[in-house]
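Containing compact mmCIF, C-alpha atoms: coords-v8.txt.
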```txt
# COMPACT_ATOMS: atom_id res chain seq x y z
CA MET P 1 60.81 42.53 80.11
CA ASN P 2 62.70 39.31 80.83
CA GLY P 3 62.65 36.03 78.96
CA PRO P 4 62.82 35.00 75.30
CA PHE P 5 60.41 37.71 74.14
CA SER P 6 62.54 40.51 75.56
CA LEU P 7 63.90 43.19 73.24
CA ASP P 8 66.13 44.81 75.84
CA GLY P 9 69.12 46.47 74.20
CA LYS P 10 67.60 46.29 70.71
CA ILE P 11 67.13 49.20 68.32
CA ALA P 12 63.84 48.68 66.49
CA LEU P 13 62.57 50.56 63.44
CA VAL P 14 58.85 50.63 62.66
CA THR P 15 57.80 52.14 59.33
CA GLY P 16 54.36 53.65 58.85
CA ALA P 17 54.38 54.48 62.57
CA SER P 18 52.27 57.63 62.27
CA GLY P 19 49.08 55.85 63.30
CA GLY P 20 47.04 52.65 63.24
CA LEU P 21 48.92 49.39 63.43
CA GLY P 22 52.29 51.09 63.01
CA ARG P 23 51.81 53.24 66.08
CA HIS P 24 50.53 50.25 68.01
CA PHE P 25 53.46 48.04 66.96
CA ALA P 26 55.94 50.74 67.98
CA GLY P 27 54.40 50.78 71.45
CA VAL P 28 54.50 46.99 71.71
CA LEU P 29 58.21 46.83 70.85
CA ALA P 30 59.00 49.62 73.31
CA GLY P 31 57.05 47.79 75.99
CA ALA P 32 59.26 44.75 75.38
CA GLY P 33 62.36 46.86 76.06
CA ALA P 34 63.46 48.06 72.63
CA ARG P 35 64.50 51.60 71.88
CA VAL P 36 62.07 52.34 69.07
CA CYS P 37 62.51 54.55 66.05
CA ALA P 38 59.08 55.54 64.73
CA ALA P 39 59.29 56.43 61.04
CA ALA P 40 56.79 57.90 58.58
CA ARG P 41 56.35 60.82 56.22
CA ARG P 42 54.34 62.99 58.63
CA MET P 43 56.63 64.06 61.45
CA ASP P 44 53.78 65.63 63.43
CA LYS P 45 52.12 62.22 63.68
CA VAL P 46 55.44 60.46 64.29
CA LEU P 47 56.08 62.75 67.25
CA GLU P 48 52.65 61.84 68.64
CA THR P 49 53.68 58.19 68.52
CA VAL P 50 56.94 59.00 70.30
CA ALA P 51 55.09 60.98 72.98
CA GLU P 52 52.70 58.08 73.63
CA ILE P 53 55.57 55.64 74.04
CA GLU P 54 57.51 57.92 76.36
CA ALA P 55 54.38 58.61 78.43
CA ALA P 56 54.08 54.85 78.93
CA GLY P 57 57.68 54.66 80.12
CA GLY P 58 59.26 53.46 76.90
CA SER P 59 62.18 54.80 74.89
CA ALA P 60 61.54 56.20 71.41
CA PHE P 61 62.50 58.81 68.87
CA GLY P 62 61.20 59.72 65.44
CA VAL P 63 62.62 60.12 61.96
CA GLU P 64 61.04 61.25 58.72
CA MET P 65 61.01 58.49 56.11
CA ASP P 66 59.29 58.11 52.77
CA VAL P 67 59.66 54.43 51.88
CA THR P 68 59.05 55.18 48.19
CA ASP P 69 62.20 57.36 48.10
CA SER P 70 65.46 55.42 48.44
CA ALA P 71 67.39 58.57 49.38
CA SER P 72 64.93 59.23 52.20
CA VAL P 73 65.31 55.65 53.47
CA THR P 74 69.12 55.84 53.39
CA ALA P 75 69.14 59.20 55.17
CA ALA P 76 66.78 57.90 57.86
CA PHE P 77 68.96 54.84 58.57
CA SER P 78 72.03 57.05 58.85
CA LEU P 79 70.22 59.33 61.29
CA ILE P 80 69.07 56.36 63.38
CA GLU P 81 72.64 55.07 63.61
CA GLU P 82 73.85 58.51 64.69
CA GLN P 83 71.22 58.78 67.41
CA ALA P 84 71.01 55.21 68.67
CA GLY P 85 73.28 52.78 66.82
CA PRO P 86 72.67 50.02 64.27
CA VAL P 87 69.12 48.80 63.78
CA ASN P 88 68.57 45.23 65.03
CA VAL P 89 64.84 44.85 64.36
CA VAL P 90 62.80 46.19 61.44
CA VAL P 91 59.01 46.08 61.26
CA ASN P 92 58.15 46.82 57.64
CA ASN P 93 54.65 48.15 58.21
CA ALA P 94 54.11 51.08 55.81
CA GLY P 95 51.25 50.31 53.45
CA ILE P 96 48.27 51.74 51.58
CA ALA P 97 45.27 50.44 49.62
CA SER P 98 43.23 51.74 46.68
CA GLY P 99 39.70 50.46 47.31
CA LYS P 100 38.73 50.50 43.62
CA LEU P 101 37.41 47.69 41.47
CA ALA P 102 39.87 46.42 38.87
CA LEU P 103 38.16 48.03 35.87
CA ASP P 104 38.19 51.42 37.61
CA LEU P 105 41.90 51.39 38.47
CA ASN P 106 44.31 53.63 36.61
CA GLU P 107 48.06 53.33 36.30
CA SER P 108 48.64 55.84 39.07
CA ASP P 109 46.48 53.84 41.50
CA TRP P 110 48.46 50.70 40.75
CA ASP P 111 51.87 52.35 40.99
CA ARG P 112 51.05 54.15 44.23
CA VAL P 113 50.15 50.92 46.03
CA MET P 114 53.03 48.91 44.58
CA ASP P 115 55.60 51.62 45.24
CA THR P 116 54.65 51.77 48.93
CA ASN P 117 53.68 48.21 49.81
CA LEU P 118 56.20 46.22 47.80
CA LYS P 119 59.00 48.39 46.45
CA GLY P 120 59.04 50.43 49.66
CA ALA P 121 59.25 47.32 51.81
CA TRP P 122 62.05 46.02 49.58
CA THR P 123 64.00 49.28 49.84
CA VAL P 124 63.76 49.31 53.64
CA ALA P 125 64.64 45.61 53.93
CA GLN P 126 67.65 45.83 51.63
CA THR P 127 68.96 48.98 53.30
CA ALA P 128 68.61 47.37 56.73
CA ALA P 129 70.17 44.08 55.64
CA ARG P 130 73.20 45.72 54.05
CA ARG P 131 73.94 47.50 57.31
CA MET P 132 73.23 44.43 59.42
CA ALA P 133 75.57 42.35 57.25
CA GLU P 134 78.30 44.99 57.46
CA ALA P 135 77.96 45.17 61.24
CA LYS P 136 78.11 41.34 61.40
CA GLY P 137 75.57 41.31 64.21
CA GLY P 138 72.62 39.78 62.40
CA GLY P 139 69.10 41.10 62.78
CA VAL P 140 65.40 40.56 62.31
CA ILE P 141 63.03 41.83 59.64
CA VAL P 142 59.28 41.41 60.10
CA ASN P 143 57.22 42.22 57.01
CA ILE P 144 53.60 43.10 57.68
CA ALA P 145 51.68 41.27 54.99
CA SER P 146 47.96 40.39 54.98
CA VAL P 147 45.63 37.45 54.54
CA LEU P 148 44.73 39.21 51.29
CA GLY P 149 48.16 38.15 50.08
CA LEU P 150 46.97 34.57 50.54
CA ARG P 151 43.34 34.85 49.43
CA VAL P 152 41.50 37.54 47.52
CA SER P 153 38.48 39.80 47.81
CA GLN P 154 36.89 42.41 45.58
CA GLY P 155 38.23 45.92 45.26
CA VAL P 156 41.73 45.13 46.49
CA VAL P 157 43.63 43.99 43.38
CA PRO P 158 46.86 46.04 43.75
CA TYR P 159 46.82 45.63 47.53
CA ALA P 160 46.38 41.85 47.34
CA VAL P 161 49.05 41.54 44.64
CA SER P 162 51.48 43.69 46.63
CA LYS P 163 50.97 41.61 49.77
CA ALA P 164 51.35 38.34 47.86
CA GLY P 165 54.60 39.73 46.47
CA LEU P 166 55.69 40.75 49.96
CA ILE P 167 55.10 37.21 51.23
CA GLN P 168 57.15 35.71 48.40
CA MET P 169 59.85 38.35 48.94
CA THR P 170 59.96 37.39 52.61
CA LYS P 171 60.75 33.79 51.72
CA ALA P 172 63.34 34.70 49.08
CA LEU P 173 65.17 37.12 51.39
CA ALA P 174 65.11 34.61 54.24
CA LEU P 175 66.89 32.14 51.98
CA GLU P 176 69.59 34.59 50.88
CA TRP P 177 70.21 36.40 54.14
CA ALA P 178 70.33 33.51 56.61
CA ARG P 179 74.10 33.32 56.03
CA HIS P 180 74.37 36.83 57.50
CA GLY P 181 72.39 35.93 60.60
CA ILE P 182 69.40 37.90 59.35
CA ARG P 183 65.97 36.35 59.84
CA VAL P 184 63.07 37.49 57.65
CA ASN P 185 59.49 36.54 58.50
CA ALA P 186 56.02 37.88 57.76
CA LEU P 187 52.96 38.59 59.86
CA ALA P 188 49.70 38.33 57.91
CA PRO P 189 46.81 39.90 59.81
CA GLY P 190 43.22 39.43 58.85
CA TYR P 191 40.69 42.20 59.33
CA VAL P 192 41.68 44.31 62.34
CA GLU P 193 39.57 46.85 64.23
CA THR P 194 41.30 50.23 63.83
CA ASP P 195 40.17 53.82 63.40
CA LEU P 196 40.47 53.36 59.63
CA THR P 197 38.45 50.14 59.43
CA HIS P 198 35.81 50.85 62.12
CA ASP P 199 33.20 52.45 59.86
CA TYR P 200 33.54 49.78 57.16
CA LEU P 201 33.32 46.89 59.64
CA ALA P 202 30.21 48.46 61.15
CA SER P 203 28.54 48.76 57.72
CA GLU P 204 26.30 46.11 56.19
CA ALA P 205 29.09 45.09 53.81
CA GLY P 206 31.50 44.81 56.73
CA LYS P 207 29.05 42.74 58.78
CA THR P 208 28.56 40.40 55.84
CA LEU P 209 32.33 39.98 55.56
CA LEU P 210 32.69 39.22 59.26
CA LYS P 211 30.12 36.42 58.95
CA ARG P 212 32.59 34.64 56.64
CA ILE P 213 35.24 34.56 59.36
CA PRO P 214 34.91 31.51 61.63
CA GLN P 215 35.35 33.62 64.78
CA ARG P 216 32.73 36.06 63.45
CA ARG P 217 34.62 39.18 64.45
CA PRO P 218 37.64 41.31 63.53
CA ALA P 219 40.87 41.16 65.50
CA GLU P 220 41.69 43.69 68.14
CA MET P 221 45.12 45.25 67.64
CA ALA P 222 46.37 43.73 70.91
CA GLU P 223 45.75 40.26 69.48
CA LEU P 224 48.69 40.84 67.13
CA ASP P 225 51.09 41.60 69.99
CA GLY P 226 52.11 38.02 70.74
CA PRO P 227 52.81 37.01 67.13
CA LEU P 228 54.71 40.26 66.54
CA LEU P 229 56.91 39.79 69.60
CA LEU P 230 57.50 36.16 68.65
CA LEU P 231 58.88 37.17 65.25
CA ALA P 232 60.78 40.24 66.50
CA SER P 233 62.52 38.52 69.40
CA ASP P 234 64.90 35.63 70.01
CA ALA P 235 61.86 33.47 70.82
CA SER P 236 61.78 32.74 67.07
CA SER P 237 65.54 32.21 66.71
CA TYR P 238 65.02 29.14 64.49
CA MET P 239 62.31 30.70 62.34
CA THR P 240 62.98 32.38 59.02
CA GLY P 241 60.90 32.52 55.86
CA ALA P 242 57.75 31.89 57.91
CA VAL P 243 54.37 33.54 57.42
CA ILE P 244 52.08 33.73 60.44
CA ALA P 245 48.41 34.42 59.75
CA VAL P 246 46.38 36.02 62.54
CA ASP P 247 42.94 36.00 60.99
CA GLY P 248 40.32 34.35 63.17
CA GLY P 249 40.32 31.34 60.85
CA HIS P 250 39.58 33.33 57.70
CA LEU P 251 42.05 31.36 55.59
CA VAL P 252 40.54 27.99 56.53
CA SER P 253 37.02 29.16 55.80
CA SER P 254 35.47 27.95 52.54
CA LEU P 255 33.31 31.07 52.26
```
Written as structure tokens, how would this file's structure read?
Amino acid sequence: MNGPFSLDGKIALVTGASGGLGRHFAGVLAGAGARVCAAARRMDKVLETVAEIEAAGGSAFGVEMDVTDSASVTAAFSLIEEQAGPVNVVVNNAGIASGKLALDLNESDWDRVMDTNLKGAWTVAQTAARRMAEAKGGGVIVNIASVLGLRVSQGVVPYAVSKAGLIQMTKALALEWARHGIRVNALAPGYVETDLTHDYLASEAGKTLLKRIPQRRPAEMAELDGPLLLLASDASSYMTGAVIAVDGGHLVSSL
């Protein structure tokens, strides 16, 4: 790919790349010319992501990474540098949800979501930034947040709180790390049609939710490609601390 959205010569890490949006994002970055490292806990699924990218003509490899384990994150970054060189682009995508109402949550439910979505994203971002600063080459970190970090719904308390924290963390890190040439931005998708969300969005509850969105439908994964490439590439060279919502107008709806 040529032009400002090109990632030619970049080494890009995507966490949570074993499926869903993570796998899709890894393919998008590879299609833009990056050599992609797909990272997740399940290496069998990571290798499927790598195979898909290579079959499409892209360059990719996989590493095992548990974002809730700082030693695992450090080891993965060291392995990436051995195999490909310093990471230039990070897509902090790993995330989980609980799906329980607030009164039904237990401490383990809360900790599991926070450890992955917020602490895990922090661990990956800090590890990447330390190495980027040491290499003095700058870099880009894209945190995958959610519109639920900007407005709430039922049954998503720890998820919404974690994504709100991730958005605020994005802004704070952008402020501190600009001096190192590191840009930190967030992508906040609305409801997206994936294998995991298909059944819910097809249910009566899901249909009711979609009626509240001005465009009256979920996003297709490909509709996140442009915003992702904007934030990951030099096309956004004067953007840091920004949060881009891709939500069909959900945030401007009064419903």
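Nearest to Leu79 in chain P of all the residues P:Met221, P:Met65, P:Val91, P:Glu107 is P:Met65, counting all atoms listed in the file.
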All residues 8 Å or closer to range 151-162 of chain P, only C-alpha atoms, same chain fewer than 4 positions away omitted, as an MDAnalysis selection string
chainID P and resid 96:102 110 113:114 117:118 146:147 166 251
Any chance you could tabulate, as JSON lines, the residues of range 115-145 of chain P at most 9 Å from range 182-205 of chain P with each one's nearest atom pair and distance in Å to one decimal, using only C-alpha atoms, in chain and rising number order?
```
{"residue": "P:Ala129", "atom": "CA", "partner": "P:Ile182", "partner_atom": "CA", "distance": 7.2}
{"residue": "P:Met132", "atom": "CA", "partner": "P:Ile182", "partner_atom": "CA", "distance": 7.6}
{"residue": "P:Ala133", "atom": "CA", "partner": "P:Ile182", "partner_atom": "CA", "distance": 7.9}
{"residue": "P:Gly137", "atom": "CA", "partner": "P:Ile182", "partner_atom": "CA", "distance": 8.6}
{"residue": "P:Gly138", "atom": "CA", "partner": "P:Ile182", "partner_atom": "CA", "distance": 4.8}
{"residue": "P:Gly139", "atom": "CA", "partner": "P:Ile182", "partner_atom": "CA", "distance": 4.7}
{"residue": "P:Val140", "atom": "CA", "partner": "P:Arg183", "partner_atom": "CA", "distance": 4.9}
{"residue": "P:Ile141", "atom": "CA", "partner": "P:Val184", "partner_atom": "CA", "distance": 4.8}
{"residue": "P:Val142", "atom": "CA", "partner": "P:Asn185", "partner_atom": "CA", "distance": 5.1}
{"residue": "P:Asn143", "atom": "CA", "partner": "P:Ala186", "partner_atom": "CA", "distance": 4.6}
{"residue": "P:Ile144", "atom": "CA", "partner": "P:Leu187", "partner_atom": "CA", "distance": 5.0}
{"residue": "P:Ala145", "atom": "CA", "partner": "P:Ala188", "partner_atom": "CA", "distance": 4.6}
```
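Nearest residue to Arg131 in chain P, choosing from P:Leu103, P:Leu148, P:Val87, P:Ile167 and counting all atoms listed in the file: P:Val87.
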Find the residue from P:Lys45, P:Trp122, P:Ile244, P:Ala51 that sits nearest to Ala172 in chain P; use only C-alpha atoms when measuring.
P:Trp122
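Proximity of P:Gly95, P:Gly241, P:Gly206, P:Gly226 to Leu29 in chain P, computed with all atoms listed in the file, is greatest for P:Gly226.
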Would you mind listing what lies within 10 Å of Val252 in chain P as a ChimeraX atom specification, with all atoms listed in the file counted and same-chain residues fewer than 4 positions away left out?
/P:213-214,247-248
Considering all atoms listed in the file, return as a PDB file with C-alpha atoms, in the coordinates of the input whatever protein or nucleic-acid residues lie within 8 Å of Gly19 in chain P, sequence-local ones (same chain, fewer than 4 positions apart) excluded.
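The resulting file, out02.pdb, is shown below:
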```pdb
ATOM      1  CA  ARG P  23      51.810  53.240  66.080  1.00  0.00           C
ATOM      2  CA  HIS P  24      50.530  50.250  68.010  1.00  0.00           C
ATOM      3  CA  LYS P  45      52.120  62.220  63.680  1.00  0.00           C
ATOM      4  CA  VAL P  46      55.440  60.460  64.290  1.00  0.00           C
ATOM      5  CA  THR P  49      53.680  58.190  68.520  1.00  0.00           C
TER       6      THR P  49
END
```
Could you tell me how far CA of Leu150 in chain P lies from CA of Trp177 in chain P, in Å and to one decimal?
23.6 Å
Separation of CA of Ile11 in chain P and CA of Cys37 in chain P, in Å?
7.4 Å
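Among P:Asn93, P:Gln168, P:Ser233, P:Ser253, the residue with the shortest atom-to-atom distance to Leu210 in chain P, counting only C-alpha atoms, is P:Ser253.
The gap separating CA of Asp225 in chain P from CA of Ala75 in chain P is 29.2 Å, in Å to one decimal.
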Give as a ChimeraX atom specification every residue, naming chains and numbers as the document does, that has an atom within 12 Å of (55.2, 55.3, 77.2), counting all atoms listed in the file.
/P:23-24,26-36,48-61
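Residues in contact range of Arg41 in chain P, defined as at most 9 Å between only C-alpha atoms, with sequence neighbours fewer than 2 positions away removed, read P:Gly16, P:Ser18, P:Ala39, P:Met43, P:Lys45, P:Val46, P:Val63, P:Glu64, P:Met65, P:Asp66, P:Val67.
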Could I see range 176-189 of chain P restored to N, CA and C atoms, set down as a CSV table (one decimal), in the frame of the given file?
```csv
chain,number,residue,atom,x,y,z
P,176,GLU,N,68.3,34.0,51.2
P,176,GLU,CA,69.6,34.6,50.9
P,176,GLU,C,70.3,35.1,52.1
P,177,TRP,N,69.6,35.6,53.1
P,177,TRP,CA,70.2,36.4,54.1
P,177,TRP,C,70.5,35.6,55.4
P,178,ALA,N,70.1,34.3,55.4
P,178,ALA,CA,70.3,33.5,56.6
P,178,ALA,C,71.8,33.4,56.9
P,179,ARG,N,72.6,33.4,55.8
P,179,ARG,CA,74.1,33.3,56.0
P,179,ARG,C,74.7,34.5,56.8
P,180,HIS,N,73.9,35.6,56.8
P,180,HIS,CA,74.4,36.8,57.5
P,180,HIS,C,73.8,36.9,58.9
P,181,GLY,N,73.0,35.9,59.3
P,181,GLY,CA,72.4,35.9,60.6
P,181,GLY,C,71.2,36.8,60.6
P,182,ILE,N,70.6,37.1,59.4
P,182,ILE,CA,69.4,37.9,59.4
P,182,ILE,C,68.2,37.0,59.1
P,183,ARG,N,67.2,37.1,60.0
P,183,ARG,CA,66.0,36.4,59.8
P,183,ARG,C,64.9,37.3,59.3
P,184,VAL,N,64.1,36.7,58.3
P,184,VAL,CA,63.1,37.5,57.6
P,184,VAL,C,61.8,36.7,57.7
P,185,ASN,N,60.8,37.2,58.4
P,185,ASN,CA,59.5,36.5,58.5
P,185,ASN,C,58.4,37.5,58.2
P,186,ALA,N,57.2,37.0,58.1
P,186,ALA,CA,56.0,37.9,57.8
P,186,ALA,C,54.9,37.6,58.7
P,187,LEU,N,54.2,38.7,59.1
P,187,LEU,CA,53.0,38.6,59.9
P,187,LEU,C,51.8,39.0,58.9
P,188,ALA,N,50.8,38.1,58.8
P,188,ALA,CA,49.7,38.3,57.9
P,188,ALA,C,48.4,38.5,58.7
P,189,PRO,N,48.1,39.7,59.1
P,189,PRO,CA,46.8,39.9,59.8
P,189,PRO,C,45.6,39.7,58.9
```
